[in-house]
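Undergrad: Take a look at the following structure, please.
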Amino acid sequence: MKNPLDLAALDAAIENVHRAGMPGLFAEVRDGDRVWRGAAGVADVVTGRPVTADMRHRVGSITKTFTAAAVLQQVESGRIGLDTPIGRYLPKPVPGERGDAITVRMLINHTSGLAEYLPYAYPSLKAYPVLADTGPQSLDDHRLTRFDPAELIEMGVGAPRVGTPGGTPGVYSNTNYLLLVRILEKVTGTTAERYITRNVIERAGLRDTGFPTGPYVDGPHSRLYEAWFGMIDPPRDYSAYDMSWVGPSASLISTVSDLNRFYGLLLAGEIVGPSSLAQMQRTVPVVSQEGKVIDYGLGLHPTMAPGQGTFWGHGGTVWGGGALAMTRADGGRRMAVAVNLQRWNGLDPSGRPKPHPIDDALATLYRVAMYG
């Protein structure tokens, strides 16, 4: 069942997220030729400057769809094999039997068994996923740190394994995508940022999307407020940050309009071919960074409701910011939402995130945007 846009319901839903405690958020929803853009709250809690729907924003792991699409283009050209062992491309970072057992596909869909490097790069997060024993100090310490991707990969490869290659459920890990970046660079002879810009971003005609060249977001943007599960109170602004801690796995800056355009074109087979898109939509169970088991494909994951069809897209977070972009399989309905607060949930006595009114309000906004 496909419902037309309910503009009043969208206006109310986005305002309710702000009233629930989100400093600011903005969104775009498309249904065929109809477009709704909305914004609620502030981009700066000190000055009261309002958010607007055209702001540029750090979109976190939504970048992974762009990186996966770039790799699939190289699969189409015959330079990369989806089921080729990564040791053939990168004999040094993942040596020996692991390099022979892990394939390119396993990196893209997080079934490599390689651990997340972040708790090793950020010492105060070492106890992750035991959130109560983590702290935010490293976030400040590394605000302007220029990380070496080779060292980050070494941390992830050297950490205890989180599974066997190809085993399910997989475990979501940025280490996988830093390795994909290395493979992409080896076969193309250029940087991943340059290749993705020329062959994915520009191919899609995205005018306000790009990789950062420094710690700042160019153009109109919101400040980004990190609460780290109530341990930073009031939440701290991390909008100026060196993004080398994730690189081309999660550093992209974009707009909600560009995200909707990108996913619409991707699902129409205009960024990669139909067979590659079909590969991207082959899912396996993966444990997300929130500890939930989700279906995950090659840089895409689905969401669905009874009678409403399947939506495909990706979510993303950085320190202080987040975004979610989902597009119906036929491209008819598209939603992109950006928020300027992260990890707003406090922890209960057992150390698990407590429910927060923002959770329900955001879920309602997503539901109205996709199905309402």
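Please note that chains go A, B, ... in the order of the structure tokens, that every chain numbers its residues from 1, and that ligands are numbered from 1 in the order shown.
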Step one, run DSSP on the backbone; step two, keep only residues of region 247-364 of chain A assigned to helix (DSSP H, G or I); then write them as a PDB file with all heavy atoms, in the first residue's frame.
TA:
```pdb
ATOM      1  N   GLY A 247      37.929   7.836   8.059  1.00  0.00           N
ATOM      2  CA  GLY A 247      38.276   7.956   6.642  1.00  0.00           C
ATOM      3  C   GLY A 247      37.092   7.675   5.722  1.00  0.00           C
ATOM      4  O   GLY A 247      35.932   7.943   6.082  1.00  0.00           O
ATOM      5  N   PRO A 248      37.330   7.113   4.528  1.00  0.00           N
ATOM      6  CA  PRO A 248      36.251   6.900   3.564  1.00  0.00           C
ATOM      7  C   PRO A 248      35.277   5.789   3.941  1.00  0.00           C
ATOM      8  O   PRO A 248      34.517   5.330   3.100  1.00  0.00           O
ATOM      9  CB  PRO A 248      37.005   6.552   2.275  1.00  0.00           C
ATOM     10  CG  PRO A 248      38.386   7.041   2.479  1.00  0.00           C
ATOM     11  CD  PRO A 248      38.652   6.863   3.936  1.00  0.00           C
ATOM     12  N   SER A 249      35.310   5.341   5.204  1.00  0.00           N
ATOM     13  CA  SER A 249      34.270   4.406   5.645  1.00  0.00           C
ATOM     14  C   SER A 249      33.113   5.151   6.309  1.00  0.00           C
ATOM     15  O   SER A 249      32.015   4.605   6.423  1.00  0.00           O
ATOM     16  CB  SER A 249      34.842   3.376   6.621  1.00  0.00           C
ATOM     17  OG  SER A 249      35.162   3.959   7.855  1.00  0.00           O
ATOM     18  N   VAL A 256      20.449  16.244   3.013  1.00  0.00           N
ATOM     19  CA  VAL A 256      19.342  15.287   2.905  1.00  0.00           C
ATOM     20  C   VAL A 256      18.841  15.194   1.461  1.00  0.00           C
ATOM     21  O   VAL A 256      18.441  14.120   1.009  1.00  0.00           O
ATOM     22  CB  VAL A 256      18.200  15.646   3.888  1.00  0.00           C
ATOM     23  CG1 VAL A 256      18.624  15.359   5.323  1.00  0.00           C
ATOM     24  CG2 VAL A 256      17.726  17.087   3.741  1.00  0.00           C
ATOM     25  N   SER A 257      18.899  16.289   0.712  1.00  0.00           N
ATOM     26  CA  SER A 257      18.469  16.249  -0.689  1.00  0.00           C
ATOM     27  C   SER A 257      19.410  15.388  -1.522  1.00  0.00           C
ATOM     28  O   SER A 257      18.965  14.576  -2.352  1.00  0.00           O
ATOM     29  CB  SER A 257      18.413  17.664  -1.274  1.00  0.00           C
ATOM     30  OG  SER A 257      17.396  18.424  -0.651  1.00  0.00           O
ATOM     31  N   ASP A 258      20.720  15.548  -1.306  1.00  0.00           N
ATOM     32  CA  ASP A 258      21.682  14.738  -2.054  1.00  0.00           C
ATOM     33  C   ASP A 258      21.548  13.258  -1.718  1.00  0.00           C
ATOM     34  O   ASP A 258      21.672  12.394  -2.593  1.00  0.00           O
ATOM     35  CB  ASP A 258      23.110  15.202  -1.748  1.00  0.00           C
ATOM     36  CG  ASP A 258      23.608  16.276  -2.712  1.00  0.00           C
ATOM     37  OD1 ASP A 258      22.814  16.753  -3.542  1.00  0.00           O
ATOM     38  OD2 ASP A 258      24.800  16.639  -2.629  1.00  0.00           O
ATOM     39  N   LEU A 259      21.309  12.938  -0.442  1.00  0.00           N
ATOM     40  CA  LEU A 259      21.166  11.535  -0.059  1.00  0.00           C
ATOM     41  C   LEU A 259      19.967  10.904  -0.747  1.00  0.00           C
ATOM     42  O   LEU A 259      20.042   9.776  -1.242  1.00  0.00           O
ATOM     43  CB  LEU A 259      21.040  11.407   1.459  1.00  0.00           C
ATOM     44  CG  LEU A 259      22.294  11.758   2.270  1.00  0.00           C
ATOM     45  CD1 LEU A 259      22.002  11.624   3.759  1.00  0.00           C
ATOM     46  CD2 LEU A 259      23.484  10.891   1.874  1.00  0.00           C
ATOM     47  N   ASN A 260      18.860  11.614  -0.787  1.00  0.00           N
ATOM     48  CA  ASN A 260      17.682  11.067  -1.471  1.00  0.00           C
ATOM     49  C   ASN A 260      17.946  10.874  -2.965  1.00  0.00           C
ATOM     50  O   ASN A 260      17.514   9.876  -3.555  1.00  0.00           O
ATOM     51  CB  ASN A 260      16.484  11.988  -1.262  1.00  0.00           C
ATOM     52  CG  ASN A 260      15.795  11.755   0.060  1.00  0.00           C
ATOM     53  OD1 ASN A 260      15.883  10.673   0.648  1.00  0.00           O
ATOM     54  ND2 ASN A 260      15.097  12.763   0.563  1.00  0.00           N
ATOM     55  N   ARG A 261      18.651  11.810  -3.568  1.00  0.00           N
ATOM     56  CA  ARG A 261      18.987  11.665  -4.990  1.00  0.00           C
ATOM     57  C   ARG A 261      19.894  10.453  -5.208  1.00  0.00           C
ATOM     58  O   ARG A 261      19.661   9.641  -6.115  1.00  0.00           O
ATOM     59  CB  ARG A 261      19.681  12.936  -5.500  1.00  0.00           C
ATOM     60  CG  ARG A 261      20.125  12.831  -6.953  1.00  0.00           C
ATOM     61  CD  ARG A 261      20.708  14.142  -7.479  1.00  0.00           C
ATOM     62  NE  ARG A 261      21.235  13.956  -8.820  1.00  0.00           N
ATOM     63  CZ  ARG A 261      20.506  13.975  -9.927  1.00  0.00           C
ATOM     64  NH1 ARG A 261      19.202  14.165  -9.853  1.00  0.00           N
ATOM     65  NH2 ARG A 261      21.061  13.814 -11.112  1.00  0.00           N
ATOM     66  N   PHE A 262      20.905  10.297  -4.346  1.00  0.00           N
ATOM     67  CA  PHE A 262      21.857   9.202  -4.502  1.00  0.00           C
ATOM     68  C   PHE A 262      21.178   7.845  -4.402  1.00  0.00           C
ATOM     69  O   PHE A 262      21.346   6.979  -5.271  1.00  0.00           O
ATOM     70  CB  PHE A 262      22.956   9.309  -3.449  1.00  0.00           C
ATOM     71  CG  PHE A 262      23.813   8.072  -3.348  1.00  0.00           C
ATOM     72  CD1 PHE A 262      24.671   7.724  -4.372  1.00  0.00           C
ATOM     73  CD2 PHE A 262      23.739   7.243  -2.243  1.00  0.00           C
ATOM     74  CE1 PHE A 262      25.458   6.578  -4.301  1.00  0.00           C
ATOM     75  CE2 PHE A 262      24.512   6.095  -2.152  1.00  0.00           C
ATOM     76  CZ  PHE A 262      25.379   5.760  -3.184  1.00  0.00           C
ATOM     77  N   TYR A 263      20.390   7.631  -3.350  1.00  0.00           N
ATOM     78  CA  TYR A 263      19.775   6.313  -3.180  1.00  0.00           C
ATOM     79  C   TYR A 263      18.734   6.044  -4.264  1.00  0.00           C
ATOM     80  O   TYR A 263      18.555   4.898  -4.683  1.00  0.00           O
ATOM     81  CB  TYR A 263      19.176   6.173  -1.779  1.00  0.00           C
ATOM     82  CG  TYR A 263      20.238   5.853  -0.746  1.00  0.00           C
ATOM     83  CD1 TYR A 263      20.704   6.829   0.118  1.00  0.00           C
ATOM     84  CD2 TYR A 263      20.787   4.574  -0.642  1.00  0.00           C
ATOM     85  CE1 TYR A 263      21.695   6.552   1.055  1.00  0.00           C
ATOM     86  CE2 TYR A 263      21.774   4.281   0.284  1.00  0.00           C
ATOM     87  CZ  TYR A 263      22.223   5.271   1.132  1.00  0.00           C
ATOM     88  OH  TYR A 263      23.206   4.993   2.040  1.00  0.00           O
ATOM     89  N   GLY A 264      18.045   7.087  -4.727  1.00  0.00           N
ATOM     90  CA  GLY A 264      17.107   6.885  -5.828  1.00  0.00           C
ATOM     91  C   GLY A 264      17.809   6.397  -7.083  1.00  0.00           C
ATOM     92  O   GLY A 264      17.345   5.466  -7.756  1.00  0.00           O
ATOM     93  N   LEU A 265      18.943   7.025  -7.408  1.00  0.00           N
ATOM     94  CA  LEU A 265      19.703   6.619  -8.594  1.00  0.00           C
ATOM     95  C   LEU A 265      20.329   5.243  -8.408  1.00  0.00           C
ATOM     96  O   LEU A 265      20.370   4.436  -9.346  1.00  0.00           O
ATOM     97  CB  LEU A 265      20.785   7.660  -8.890  1.00  0.00           C
ATOM     98  CG  LEU A 265      20.286   9.021  -9.387  1.00  0.00           C
ATOM     99  CD1 LEU A 265      21.430  10.018  -9.422  1.00  0.00           C
ATOM    100  CD2 LEU A 265      19.643   8.890 -10.766  1.00  0.00           C
ATOM    101  N   LEU A 266      20.827   4.956  -7.201  1.00  0.00           N
ATOM    102  CA  LEU A 266      21.432   3.652  -6.947  1.00  0.00           C
ATOM    103  C   LEU A 266      20.413   2.538  -7.166  1.00  0.00           C
ATOM    104  O   LEU A 266      20.700   1.540  -7.847  1.00  0.00           O
ATOM    105  CB  LEU A 266      21.967   3.602  -5.515  1.00  0.00           C
ATOM    106  CG  LEU A 266      22.604   2.274  -5.088  1.00  0.00           C
ATOM    107  CD1 LEU A 266      23.910   2.030  -5.836  1.00  0.00           C
ATOM    108  CD2 LEU A 266      22.847   2.249  -3.581  1.00  0.00           C
ATOM    109  N   LEU A 267      19.218   2.708  -6.596  1.00  0.00           N
ATOM    110  CA  LEU A 267      18.199   1.667  -6.708  1.00  0.00           C
ATOM    111  C   LEU A 267      17.598   1.589  -8.106  1.00  0.00           C
ATOM    112  O   LEU A 267      16.950   0.607  -8.452  1.00  0.00           O
ATOM    113  CB  LEU A 267      17.105   1.887  -5.667  1.00  0.00           C
ATOM    114  CG  LEU A 267      17.563   1.667  -4.213  1.00  0.00           C
ATOM    115  CD1 LEU A 267      16.461   2.024  -3.238  1.00  0.00           C
ATOM    116  CD2 LEU A 267      18.016   0.227  -3.991  1.00  0.00           C
ATOM    117  N   PRO A 274      22.395  -3.517 -12.773  1.00  0.00           N
ATOM    118  CA  PRO A 274      21.366  -4.309 -12.089  1.00  0.00           C
ATOM    119  C   PRO A 274      21.906  -5.546 -11.378  1.00  0.00           C
ATOM    120  O   PRO A 274      21.456  -5.886 -10.285  1.00  0.00           O
ATOM    121  CB  PRO A 274      20.412  -4.685 -13.225  1.00  0.00           C
ATOM    122  CG  PRO A 274      20.587  -3.615 -14.246  1.00  0.00           C
ATOM    123  CD  PRO A 274      22.035  -3.232 -14.175  1.00  0.00           C
ATOM    124  N   SER A 275      22.878  -6.241 -11.975  1.00  0.00           N
ATOM    125  CA  SER A 275      23.405  -7.440 -11.311  1.00  0.00           C
ATOM    126  C   SER A 275      24.177  -7.063 -10.054  1.00  0.00           C
ATOM    127  O   SER A 275      24.110  -7.771  -9.034  1.00  0.00           O
ATOM    128  CB  SER A 275      24.288  -8.232 -12.274  1.00  0.00           C
ATOM    129  OG  SER A 275      25.408  -7.467 -12.674  1.00  0.00           O
ATOM    130  N   SER A 276      24.906  -5.957 -10.097  1.00  0.00           N
ATOM    131  CA  SER A 276      25.630  -5.499  -8.906  1.00  0.00           C
ATOM    132  C   SER A 276      24.652  -5.060  -7.827  1.00  0.00           C
ATOM    133  O   SER A 276      24.852  -5.330  -6.636  1.00  0.00           O
ATOM    134  CB  SER A 276      26.566  -4.342  -9.254  1.00  0.00           C
ATOM    135  OG  SER A 276      27.611  -4.771 -10.094  1.00  0.00           O
ATOM    136  N   LEU A 277      23.582  -4.375  -8.231  1.00  0.00           N
ATOM    137  CA  LEU A 277      22.563  -3.965  -7.265  1.00  0.00           C
ATOM    138  C   LEU A 277      21.938  -5.183  -6.599  1.00  0.00           C
ATOM    139  O   LEU A 277      21.699  -5.190  -5.382  1.00  0.00           O
ATOM    140  CB  LEU A 277      21.496  -3.114  -7.960  1.00  0.00           C
ATOM    141  CG  LEU A 277      20.353  -2.625  -7.070  1.00  0.00           C
ATOM    142  CD1 LEU A 277      20.873  -1.731  -5.943  1.00  0.00           C
ATOM    143  CD2 LEU A 277      19.306  -1.887  -7.905  1.00  0.00           C
ATOM    144  N   ALA A 278      21.703  -6.223  -7.383  1.00  0.00           N
ATOM    145  CA  ALA A 278      21.147  -7.458  -6.814  1.00  0.00           C
ATOM    146  C   ALA A 278      22.105  -8.049  -5.780  1.00  0.00           C
ATOM    147  O   ALA A 278      21.669  -8.561  -4.736  1.00  0.00           O
ATOM    148  CB  ALA A 278      20.863  -8.466  -7.924  1.00  0.00           C
ATOM    149  N   GLN A 279      23.399  -7.976  -6.041  1.00  0.00           N
ATOM    150  CA  GLN A 279      24.383  -8.439  -5.063  1.00  0.00           C
ATOM    151  C   GLN A 279      24.325  -7.587  -3.794  1.00  0.00           C
ATOM    152  O   GLN A 279      24.408  -8.104  -2.671  1.00  0.00           O
ATOM    153  CB  GLN A 279      25.792  -8.379  -5.660  1.00  0.00           C
ATOM    154  CG  GLN A 279      26.056  -9.349  -6.790  1.00  0.00           C
ATOM    155  CD  GLN A 279      26.228 -10.787  -6.319  1.00  0.00           C
ATOM    156  OE1 GLN A 279      26.362 -11.066  -5.137  1.00  0.00           O
ATOM    157  NE2 GLN A 279      26.195 -11.722  -7.262  1.00  0.00           N
ATOM    158  N   MET A 280      24.168  -6.285  -3.960  1.00  0.00           N
ATOM    159  CA  MET A 280      24.111  -5.390  -2.805  1.00  0.00           C
ATOM    160  C   MET A 280      22.904  -5.696  -1.929  1.00  0.00           C
ATOM    161  O   MET A 280      22.924  -5.457  -0.718  1.00  0.00           O
ATOM    162  CB  MET A 280      24.072  -3.924  -3.262  1.00  0.00           C
ATOM    163  CG  MET A 280      25.335  -3.455  -3.968  1.00  0.00           C
ATOM    164  SD  MET A 280      25.284  -1.711  -4.465  1.00  0.00           S
ATOM    165  CE  MET A 280      25.671  -0.892  -2.911  1.00  0.00           C
ATOM    166  N   PRO A 357      12.428   9.598  25.284  1.00  0.00           N
ATOM    167  CA  PRO A 357      11.352  10.070  24.398  1.00  0.00           C
ATOM    168  C   PRO A 357      11.803  10.334  22.967  1.00  0.00           C
ATOM    169  O   PRO A 357      11.002  10.215  22.029  1.00  0.00           O
ATOM    170  CB  PRO A 357      10.888  11.366  25.073  1.00  0.00           C
ATOM    171  CG  PRO A 357      11.197  11.170  26.523  1.00  0.00           C
ATOM    172  CD  PRO A 357      12.462  10.361  26.551  1.00  0.00           C
ATOM    173  N   ILE A 358      13.082  10.671  22.775  1.00  0.00           N
ATOM    174  CA  ILE A 358      13.571  10.884  21.412  1.00  0.00           C
ATOM    175  C   ILE A 358      13.434   9.621  20.581  1.00  0.00           C
ATOM    176  O   ILE A 358      13.110   9.681  19.381  1.00  0.00           O
ATOM    177  CB  ILE A 358      15.050  11.348  21.432  1.00  0.00           C
ATOM    178  CG1 ILE A 358      15.156  12.779  21.964  1.00  0.00           C
ATOM    179  CG2 ILE A 358      15.674  11.268  20.026  1.00  0.00           C
ATOM    180  CD1 ILE A 358      16.590  13.265  22.136  1.00  0.00           C
ATOM    181  N   ASP A 359      13.642   8.456  21.192  1.00  0.00           N
ATOM    182  CA  ASP A 359      13.565   7.191  20.451  1.00  0.00           C
ATOM    183  C   ASP A 359      12.196   7.010  19.812  1.00  0.00           C
ATOM    184  O   ASP A 359      12.091   6.709  18.616  1.00  0.00           O
ATOM    185  CB  ASP A 359      13.850   6.005  21.384  1.00  0.00           C
ATOM    186  CG  ASP A 359      15.216   6.102  22.051  1.00  0.00           C
ATOM    187  OD1 ASP A 359      16.162   6.593  21.410  1.00  0.00           O
ATOM    188  OD2 ASP A 359      15.324   5.693  23.219  1.00  0.00           O
ATOM    189  N   ASP A 360      11.152   7.176  20.595  1.00  0.00           N
ATOM    190  CA  ASP A 360       9.797   6.993  20.073  1.00  0.00           C
ATOM    191  C   ASP A 360       9.445   8.073  19.058  1.00  0.00           C
ATOM    192  O   ASP A 360       8.789   7.797  18.043  1.00  0.00           O
ATOM    193  CB  ASP A 360       8.785   7.010  21.228  1.00  0.00           C
ATOM    194  CG  ASP A 360       8.866   5.762  22.094  1.00  0.00           C
ATOM    195  OD1 ASP A 360       9.380   4.737  21.605  1.00  0.00           O
ATOM    196  OD2 ASP A 360       8.433   5.818  23.257  1.00  0.00           O
ATOM    197  N   ALA A 361       9.876   9.304  19.324  1.00  0.00           N
ATOM    198  CA  ALA A 361       9.548  10.398  18.412  1.00  0.00           C
ATOM    199  C   ALA A 361      10.232  10.210  17.060  1.00  0.00           C
ATOM    200  O   ALA A 361       9.630  10.452  16.006  1.00  0.00           O
ATOM    201  CB  ALA A 361       9.951  11.734  19.037  1.00  0.00           C
ATOM    202  N   LEU A 362      11.475   9.761  17.077  1.00  0.00           N
ATOM    203  CA  LEU A 362      12.168   9.496  15.813  1.00  0.00           C
ATOM    204  C   LEU A 362      11.529   8.339  15.065  1.00  0.00           C
ATOM    205  O   LEU A 362      11.356   8.394  13.838  1.00  0.00           O
ATOM    206  CB  LEU A 362      13.643   9.175  16.077  1.00  0.00           C
ATOM    207  CG  LEU A 362      14.658  10.315  15.996  1.00  0.00           C
ATOM    208  CD1 LEU A 362      16.056   9.792  16.332  1.00  0.00           C
ATOM    209  CD2 LEU A 362      14.655  10.997  14.635  1.00  0.00           C
ATOM    210  N   ALA A 363      11.160   7.282  15.797  1.00  0.00           N
ATOM    211  CA  ALA A 363      10.517   6.134  15.154  1.00  0.00           C
ATOM    212  C   ALA A 363       9.220   6.565  14.472  1.00  0.00           C
ATOM    213  O   ALA A 363       8.899   6.106  13.371  1.00  0.00           O
ATOM    214  CB  ALA A 363      10.243   5.039  16.176  1.00  0.00           C
ATOM    215  N   THR A 364       8.480   7.463  15.111  1.00  0.00           N
ATOM    216  CA  THR A 364       7.241   7.969  14.513  1.00  0.00           C
ATOM    217  C   THR A 364       7.535   8.780  13.260  1.00  0.00           C
ATOM    218  O   THR A 364       6.854   8.645  12.235  1.00  0.00           O
ATOM    219  CB  THR A 364       6.476   8.831  15.529  1.00  0.00           C
ATOM    220  OG1 THR A 364       6.107   8.024  16.643  1.00  0.00           O
ATOM    221  CG2 THR A 364       5.222   9.424  14.900  1.00  0.00           C
TER     222      THR A 364
END
```
Undergrad: With the cut-off set at 8 Å and counting only C-alpha atoms, tabulate each residue of region 40-91 of chain A with an atom at most that distance from an atom of region 191-201 of chain A, showing the nearest atom pair and its distance in Å to one decimal, ordered by chain and increasing number, as a tab-separated table.
TA:
```
residue	atom	partner	partner_atom	distance
A:Phe66	CA	A:Val200	CA	6.7
A:Thr67	CA	A:Ile196	CA	6.8
A:Ala69	CA	A:Val200	CA	7.3
A:Ala70	CA	A:Ile196	CA	6.0
```
Undergrad: Taking only C-alpha atoms into account, name the residue in A:Gly322, A:Pro23, A:Gly170, A:Pro302 that is nearest to Arg49 (chain A).
TA: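 Smallest separation from Arg49 (chain A) among the options: A:Pro23.
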Undergrad: Determine, counting only C-alpha atoms, which protein, DNA and RNA residues have an atom within 10 Å of an atom of region 290-300 of chain A; residues of the same chain fewer than 5 positions away are not included. Present the result as an MDAnalysis selection string.
TA: chainID A and resid 61:69 71:72 105:111 129 169:172 177 263 276:285 311:315 326 353
Undergrad: Name all residues at most 8 Å from Val42 (chain A) (count only C-alpha atoms; drop same-chain ones fewer than 6 positions away) and give them as a PyMOL selection string.
TA: chain A and resi 23-25+48-51+222
Undergrad: Write a file of the just-selected residues containing all heavy atoms, as a PDB file, in the first residue's frame.
TA:
```pdb
ATOM      1  N   PRO A  23      18.177  18.695  19.994  1.00  0.00           N
ATOM      2  CA  PRO A  23      18.393  20.133  19.773  1.00  0.00           C
ATOM      3  C   PRO A  23      17.911  20.594  18.407  1.00  0.00           C
ATOM      4  O   PRO A  23      17.212  21.597  18.291  1.00  0.00           O
ATOM      5  CB  PRO A  23      19.912  20.294  19.921  1.00  0.00           C
ATOM      6  CG  PRO A  23      20.337  19.146  20.767  1.00  0.00           C
ATOM      7  CD  PRO A  23      19.409  18.006  20.416  1.00  0.00           C
ATOM      8  N   GLY A  24      18.298  19.838  17.358  1.00  0.00           N
ATOM      9  CA  GLY A  24      17.875  20.213  16.021  1.00  0.00           C
ATOM     10  C   GLY A  24      17.909  19.040  15.074  1.00  0.00           C
ATOM     11  O   GLY A  24      18.718  18.117  15.224  1.00  0.00           O
ATOM     12  N   LEU A  25      17.020  19.046  14.091  1.00  0.00           N
ATOM     13  CA  LEU A  25      17.014  18.012  13.058  1.00  0.00           C
ATOM     14  C   LEU A  25      16.358  18.572  11.807  1.00  0.00           C
ATOM     15  O   LEU A  25      15.605  19.549  11.864  1.00  0.00           O
ATOM     16  CB  LEU A  25      16.288  16.752  13.517  1.00  0.00           C
ATOM     17  CG  LEU A  25      14.765  16.786  13.657  1.00  0.00           C
ATOM     18  CD1 LEU A  25      14.202  15.359  13.609  1.00  0.00           C
ATOM     19  CD2 LEU A  25      14.316  17.473  14.937  1.00  0.00           C
ATOM     20  N   GLY A  48      21.042  30.049  19.446  1.00  0.00           N
ATOM     21  CA  GLY A  48      19.667  29.826  19.015  1.00  0.00           C
ATOM     22  C   GLY A  48      19.498  29.847  17.516  1.00  0.00           C
ATOM     23  O   GLY A  48      18.359  29.834  17.012  1.00  0.00           O
ATOM     24  N   ARG A  49      20.587  29.842  16.764  1.00  0.00           N
ATOM     25  CA  ARG A  49      20.509  29.806  15.302  1.00  0.00           C
ATOM     26  C   ARG A  49      19.727  28.571  14.859  1.00  0.00           C
ATOM     27  O   ARG A  49      20.049  27.453  15.271  1.00  0.00           O
ATOM     28  CB  ARG A  49      21.927  29.786  14.717  1.00  0.00           C
ATOM     29  CG  ARG A  49      22.024  29.593  13.218  1.00  0.00           C
ATOM     30  CD  ARG A  49      23.465  29.798  12.743  1.00  0.00           C
ATOM     31  NE  ARG A  49      24.399  28.886  13.390  1.00  0.00           N
ATOM     32  CZ  ARG A  49      24.777  27.709  12.895  1.00  0.00           C
ATOM     33  NH1 ARG A  49      24.258  27.276  11.744  1.00  0.00           N
ATOM     34  NH2 ARG A  49      25.663  26.958  13.534  1.00  0.00           N
ATOM     35  N   PRO A  50      18.701  28.741  14.027  1.00  0.00           N
ATOM     36  CA  PRO A  50      17.862  27.588  13.675  1.00  0.00           C
ATOM     37  C   PRO A  50      18.512  26.664  12.654  1.00  0.00           C
ATOM     38  O   PRO A  50      19.357  27.088  11.857  1.00  0.00           O
ATOM     39  CB  PRO A  50      16.603  28.236  13.084  1.00  0.00           C
ATOM     40  CG  PRO A  50      17.093  29.537  12.520  1.00  0.00           C
ATOM     41  CD  PRO A  50      18.185  30.002  13.444  1.00  0.00           C
ATOM     42  N   VAL A  51      18.129  25.384  12.700  1.00  0.00           N
ATOM     43  CA  VAL A  51      18.527  24.473  11.628  1.00  0.00           C
ATOM     44  C   VAL A  51      17.657  24.745  10.407  1.00  0.00           C
ATOM     45  O   VAL A  51      16.527  25.221  10.528  1.00  0.00           O
ATOM     46  CB  VAL A  51      18.386  22.987  12.043  1.00  0.00           C
ATOM     47  CG1 VAL A  51      19.456  22.580  13.015  1.00  0.00           C
ATOM     48  CG2 VAL A  51      17.001  22.707  12.612  1.00  0.00           C
ATOM     49  N   SER A 222      25.149  22.550  11.030  1.00  0.00           N
ATOM     50  CA  SER A 222      24.804  22.604  12.449  1.00  0.00           C
ATOM     51  C   SER A 222      26.006  22.197  13.282  1.00  0.00           C
ATOM     52  O   SER A 222      26.882  21.446  12.831  1.00  0.00           O
ATOM     53  CB  SER A 222      23.645  21.638  12.732  1.00  0.00           C
ATOM     54  OG  SER A 222      23.411  21.544  14.133  1.00  0.00           O
TER      55      SER A 222
END
```
Undergrad: As JSON, numbers by chain, which residues of region 78-236 of chain A does DSSP assign to strand (DSSP E or B)?
TA: {"A": [85, 103, 170, 171, 210, 221, 225, 226, 236]}
Undergrad: Here is a test: counting only C-alpha atoms, which residue of A:Ala227, A:Val29, A:Leu82, A:Leu324 is nearest to Gln137 (chain A)?
TA: A:Ala227
Undergrad: For His142 (chain A), which of A:Ile80, A:Ala121, A:Ala305, A:Leu184 is the closest residue, counting only C-alpha atoms?
TA: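 That would be A:Ala121, the residue with the smallest distance to His142 (chain A).
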Undergrad: Env of Gly167 (chain A): 8 Å cut, atoms = only C-alpha atoms, seq-sep filter 4 positions within chain, self excluded. Answer as a PyMOL selection string.
TA: chain A and resi 111-113+163
Undergrad: Store the residues of this selection in a file with N, CA and C atoms, as a JSON list (two decimals), in the first residue's frame.
TA:
```json
[["chain", "number", "residue", "atom", "x", "y", "z"],
["A", 111, "THR", "N", 31.14, -9.98, 7.40],
["A", 111, "THR", "CA", 31.24, -11.36, 7.88],
["A", 111, "THR", "C", 32.69, -11.85, 7.88],
["A", 112, "SER", "N", 33.64, -10.92, 7.93],
["A", 112, "SER", "CA", 35.06, -11.28, 7.89],
["A", 112, "SER", "C", 35.55, -11.86, 9.21],
["A", 113, "GLY", "N", 34.89, -11.52, 10.32],
["A", 113, "GLY", "CA", 35.38, -11.90, 11.63],
["A", 113, "GLY", "C", 36.40, -10.94, 12.20],
["A", 163, "GLY", "N", 34.55, -13.60, 14.95],
["A", 163, "GLY", "CA", 33.84, -14.63, 14.21],
["A", 163, "GLY", "C", 34.79, -15.28, 13.22]]
```
Undergrad: So that I can see what lies close to Tyr238 (chain A), please list as a PyMOL selection string the residues with an atom at most 12 Å from it, counting only C-alpha atoms and leaving out residues fewer than 6 positions away in the same chain.
TA: chain A and resi 44+58+136+139-144+215-217+222-228+232+318-321+340-342
Undergrad: Would you mind reading off the distance between CA of Glu202 (chain A) and CA of Asp242 (chain A), one decimal, in Å?
TA: 23.9 Å
Undergrad: Calculated over only C-alpha atoms, which of the candidates A:Val368, A:Asp218, A:Met22, A:Pro165 has the smallest distance to Gly99 (chain A)?
TA: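 Distance minimum relative to Gly99 (chain A) lands on A:Pro165.
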Undergrad: Nearest to Gly166 (chain A) among A:Asp237, A:Asp148, A:Asp83, A:Asp330, with distances taken over only C-alpha atoms: which residue is it?
TA: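 Nearest candidate to Gly166 (chain A) out of A:Asp237, A:Asp148, A:Asp83, A:Asp330: A:Asp83.
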Undergrad: Could you tell me which of A:Arg203, A:His18, A:Arg56, A:Lys92 comes closest to Pro220 (chain A) if we count only C-alpha atoms?
TA: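 Of A:Arg203, A:His18, A:Arg56, A:Lys92, the one nearest Pro220 (chain A), counting only C-alpha atoms, is A:Arg56.
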Undergrad: Please indicate the distance in Å from CA of Val59 (chain A) to CA of Pro123 (chain A), rounded to one decimal place.
TA: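 Computed distance, CA of Val59 (chain A) to CA of Pro123 (chain A), equals 24.2 Å.
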Undergrad: Provide the CA of Leu365 (chain A) to CA of Gly21 (chain A) distance in Å, to one decimal place.
TA: 14.2 Å
